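What follows is a short report on a single structure.
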Amino acid sequence: MILNMPMIFFLFYGLHSESTTRSGQRRIFKELYVLCNILVYLSFVINVLSLISLYAIGESINYSFGYLVVYENRFTGIYFNPNLMAFSSFCAMVCCHILIKKDFVESVTKKKTGKARLCFIAVSFLLNLIVILLSDSNATAVIMICYVIMTVCYKFFGGRKLNFGLVFKRCLVLAVMLAFVTTGVFAFRSIVQTGTTYTMTTPNEAENVFQDSEDELNRITFEHQNKNIDSGRLQLLVQGINVIKHHPIFGVGKGNITKYGNHYNNNKMKYSDFHNGYLTIMVCSGLVGFFFFAALAICLCKRMTVLLFGIESKKHNDVFPCLFAFIFAYCVFAVFEKTLVFEVSFMVTFFWLMLGFAAACMAGCEGDGYNVYAFSKSLTVSHGRIRKKSDIPAEREGLKRGQS
């Protein structure tokens, strides 16, 4: 944690502070372009190897530090946790979406994306989607739905003059679309799982089986063994509230979750985390720590939202809407998973990295020399000196008087 905490904040603040010039912004966007390519190619290779292992082995492989191929009836491939596999595949899907944004790609590469490359991106996108569905991760299904809805929401409202009638009609359409997308994702997941199970069945084998952590033979259906839709998260929520009630001001600290959790919940803490990013911050840092986190989040969210829905419609083909949709979806995802701050994983690192790229985009959209300060008014940098934008008209007036 001592290394992870400074790293994620240096990623965020470092990226937006480097974007004060045009050359700095181009360099940062080039880094984003390279990162997206790396993740797309890497996920393609990993997913192909994972699917080959599924059909070639067709059972769970037990190692001293985890399970491969199948874990508790869920597809995990060459990962050791199906939830991590699903999230990494979702990140790769977001990268695929970014790489088809014409304005962003042309600004970095100075040329259009070729048809062969577009086909590869489409295949990689589909492959990642199949892997997510086979992993049966409900939290990743939620983050996918939120990403799609926010993307559509920007298509409906971004860069447009709005009135009450238009907003009302499109909100109804969004509500219907949310219901349709949610139903479609879970229905399609069931179809893919059933179809994959059928294709794995051989003529000499009535059903494929695997051996789980309790040494019981089960049929591979790629569905949760735990049929409880919340997977115990409601119980963790109650347990977290029990801890908060006794230490509300400063919390108990990350390293003491199990100790205090068991103490105030009759030794019934099953995990060392509450699988809820916001609840974990509250338990670890109390109301004081949560206030500072919420203040930063709310102020930054306001600035990003105002910028996104106030920019011109030509930004539909740029990268900022994709970054905003990812950040929004991740914030919803944080209600169901170990995320945001008190977790050392690539999920948290990737979130702060994307938030840093979004801050760099904000600097580019709001003008040269603009810095993103969550708790201050707009500032500009001129000749090594920071000025408030409210000072600029007065300086211009003084300049005119001097010339005259």
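We name chains A, B, ... following the order of the structure tokens; residues begin at 1 in each chain, and ligands are numbered from 1 as shown.
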Within 9 Å of A:Ile257 using only C-alpha atoms, minus same-chain residues under 2 positions, as a list in words: Gly240, Val243, Val252, Gly253, Lys254, Gly255, Lys259, Tyr260, Gly261, Asn262, Ser272, Asp273, Phe274, Thr280, Val283 and Cys284 of chain A
Let me see the file: selected residues, N, CA and C atoms, as a CSV table (one decimal), in the first residue's frame.
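Final file, again32.csv:
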```
chain,number,residue,atom,x,y,z
A,240,GLY,N,-20.0,-4.4,7.4
A,240,GLY,CA,-19.2,-3.1,7.3
A,240,GLY,C,-19.9,-2.0,8.1
A,243,VAL,N,-19.1,-2.3,11.8
A,243,VAL,CA,-17.8,-1.7,12.1
A,243,VAL,C,-17.8,-0.2,12.2
A,252,VAL,N,-10.9,2.2,11.0
A,252,VAL,CA,-10.0,1.2,11.6
A,252,VAL,C,-8.7,0.9,10.9
A,253,GLY,N,-8.6,1.4,9.7
A,253,GLY,CA,-7.4,1.1,8.9
A,253,GLY,C,-7.5,-0.1,8.0
A,254,LYS,N,-6.9,-0.1,6.9
A,254,LYS,CA,-7.0,-1.2,5.9
A,254,LYS,C,-6.6,-2.6,6.5
A,255,GLY,N,-5.5,-2.6,7.3
A,255,GLY,CA,-4.9,-3.8,7.8
A,255,GLY,C,-5.7,-4.4,8.9
A,259,LYS,N,-9.7,-8.1,11.6
A,259,LYS,CA,-9.7,-8.1,13.1
A,259,LYS,C,-10.9,-7.5,13.7
A,260,TYR,N,-11.2,-6.2,13.2
A,260,TYR,CA,-12.4,-5.5,13.8
A,260,TYR,C,-13.7,-6.1,13.2
A,261,GLY,N,-13.6,-6.6,11.9
A,261,GLY,CA,-14.8,-7.2,11.3
A,261,GLY,C,-15.3,-8.4,12.1
A,262,ASN,N,-14.3,-9.3,12.4
A,262,ASN,CA,-14.7,-10.4,13.2
A,262,ASN,C,-15.1,-10.1,14.7
A,272,SER,N,-11.4,-10.5,3.6
A,272,SER,CA,-10.7,-9.4,4.2
A,272,SER,C,-11.0,-8.1,3.6
A,273,ASP,N,-12.1,-8.0,2.8
A,273,ASP,CA,-12.5,-6.8,2.2
A,273,ASP,C,-14.0,-6.9,2.0
A,274,PHE,N,-14.7,-5.7,1.8
A,274,PHE,CA,-16.1,-5.7,1.8
A,274,PHE,C,-16.7,-5.7,0.3
A,280,THR,N,-15.5,0.3,1.8
A,280,THR,CA,-14.1,0.1,2.3
A,280,THR,C,-13.4,1.4,2.7
A,283,VAL,N,-14.9,2.4,6.1
A,283,VAL,CA,-14.5,1.6,7.2
A,283,VAL,C,-13.0,1.9,7.5
A,284,CYS,N,-12.2,2.0,6.5
A,284,CYS,CA,-10.8,2.2,6.7
A,284,CYS,C,-10.4,3.6,7.2
```
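Of the listed residues A:Val123, A:Ala325, A:Val40, A:Val185, the one whose atoms come nearest to A:Val148 is A:Ala325, with distances taken using only C-alpha atoms.
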Based on the backbone DSSP call, show me all residues of stretch 49-122 of chain A assigned helix (DSSP H, G or I), as a count of residues only. 43
Which neighbours of A:Val181 fall inside 9 Å, counting only C-alpha atoms, when residues of the same chain fewer than 5 positions from it are skipped, and could you give them as number ranges by chain? A: 145, 148-149, 176, 186
Do you know which residues are at most 10 Å from A:Ile241 counting only C-alpha atoms, after dropping those on the same chain fewer than 3 positions away, and could you put them as a PyMOL selection string? chain A and resi 236-238+244-248+261+264+279+282-283
Contact residues around A:Phe125 with only C-alpha atoms at 12 Å, ignoring same-chain residues under 2 positions, as JSON, numbers by chain: {"A": [39, 40, 41, 43, 44, 47, 89, 90, 91, 92, 93, 94, 95, 96, 97, 98, 99, 100, 118, 119, 120, 121, 122, 123, 127, 128, 129, 130, 131, 132]}
Measuring between only C-alpha atoms, which one of A:Val288, A:Cys331, A:Cys171, A:Cys36 shows the shortest distance to A:Val348? A:Cys331
Mind checking DSSP for stretch 30-231 of chain A and telling me the strand (DSSP E) residues as a list in words? Ile61, Asn62, Tyr63, Gly66, Tyr67, Leu68, Val69, Val70, Tyr71, Arg74, Phe75, Thr76, Gly77, Val209, Phe210, Gln211, Leu217, Asn218 and Arg219 of chain A
Same residues, N, CA and C atoms, output as a CSV table (one decimal), in the first residue's frame:
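Contents of result03.csv, as written:
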```
chain,number,residue,atom,x,y,z
A,61,ILE,N,-7.4,-27.1,-13.3
A,61,ILE,CA,-6.1,-27.5,-13.0
A,61,ILE,C,-5.7,-26.9,-11.7
A,62,ASN,N,-5.4,-27.7,-10.7
A,62,ASN,CA,-5.1,-27.2,-9.4
A,62,ASN,C,-3.6,-27.0,-9.2
A,63,TYR,N,-3.2,-25.7,-8.9
A,63,TYR,CA,-1.8,-25.4,-8.6
A,63,TYR,C,-1.8,-25.0,-7.1
A,66,GLY,N,-3.5,-21.6,-6.8
A,66,GLY,CA,-4.8,-21.3,-7.5
A,66,GLY,C,-5.2,-22.3,-8.5
A,67,TYR,N,-6.3,-22.0,-9.2
A,67,TYR,CA,-6.8,-22.9,-10.2
A,67,TYR,C,-6.7,-22.2,-11.6
A,68,LEU,N,-6.5,-23.0,-12.6
A,68,LEU,CA,-6.5,-22.6,-14.0
A,68,LEU,C,-7.6,-23.2,-14.8
A,69,VAL,N,-8.0,-22.6,-15.9
A,69,VAL,CA,-9.0,-23.1,-16.9
A,69,VAL,C,-10.4,-22.9,-16.4
A,70,VAL,N,-10.7,-23.6,-15.3
A,70,VAL,CA,-12.1,-23.6,-14.7
A,70,VAL,C,-11.9,-23.4,-13.2
A,71,TYR,N,-12.6,-22.4,-12.6
A,71,TYR,CA,-12.6,-22.2,-11.2
A,71,TYR,C,-14.0,-22.1,-10.7
A,74,ARG,N,-16.6,-21.7,-13.3
A,74,ARG,CA,-16.5,-20.5,-14.1
A,74,ARG,C,-15.2,-20.5,-14.9
A,75,PHE,N,-15.3,-20.0,-16.1
A,75,PHE,CA,-14.1,-20.0,-17.0
A,75,PHE,C,-13.1,-18.9,-16.5
A,76,THR,N,-11.9,-19.4,-16.2
A,76,THR,CA,-10.9,-18.5,-15.8
A,76,THR,C,-9.6,-18.5,-16.7
A,77,GLY,N,-9.6,-19.5,-17.6
A,77,GLY,CA,-8.5,-19.5,-18.6
A,77,GLY,C,-7.1,-19.6,-17.9
A,209,VAL,N,-17.1,-32.7,-17.0
A,209,VAL,CA,-17.0,-32.5,-15.6
A,209,VAL,C,-15.7,-31.8,-15.2
A,210,PHE,N,-15.7,-31.2,-14.0
A,210,PHE,CA,-14.5,-30.7,-13.5
A,210,PHE,C,-14.5,-30.9,-12.0
A,211,GLN,N,-13.3,-30.8,-11.4
A,211,GLN,CA,-13.1,-31.1,-10.0
A,211,GLN,C,-12.9,-29.7,-9.3
A,217,LEU,N,-17.4,-33.6,-8.3
A,217,LEU,CA,-17.5,-33.5,-9.7
A,217,LEU,C,-18.7,-32.7,-10.1
A,218,ASN,N,-18.5,-31.8,-11.0
A,218,ASN,CA,-19.6,-30.9,-11.5
A,218,ASN,C,-19.6,-30.8,-13.0
A,219,ARG,N,-20.7,-30.5,-13.6
A,219,ARG,CA,-20.7,-30.3,-15.0
A,219,ARG,C,-20.4,-28.8,-15.3
```
Residue nearest A:Phe309 among A:Phe188, A:Phe351, A:Phe324, A:Phe357 (counting only C-alpha atoms):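 Of the candidates, the smallest distance to A:Phe309 is held by A:Phe324.
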What does the distance between atom CA of A:Asn73 and atom CA of A:Ser88 come to in Å, to one decimal place?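 It comes out at 19.5 Å.
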note - atom CA of A:Phe222 and atom CA of A:Ala139 are separated by 15.4 Å
Which residues of stretch 63-124 of chain A have any atom within 12 Å of an atom in stretch 335-341 of chain A when counting only C-alpha atoms, and what is the closest pair of atoms for each, with the distance in Å to one decimal? Order the rows by chain and rising number and write it as a Markdown table.
```
| residue | atom | partner | partner_atom | distance |
| --- | --- | --- | --- | --- |
| A:Asn83 | CA | A:Glu337 | CA | 9.3 |
| A:Leu84 | CA | A:Glu337 | CA | 10.5 |
| A:Phe87 | CA | A:Glu337 | CA | 10.6 |
```
Could you state the separation of atom CA of A:Ser50 and atom CA of A:Gly184 in Å, given to one decimal place?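 Those two atoms sit 25.1 Å apart.
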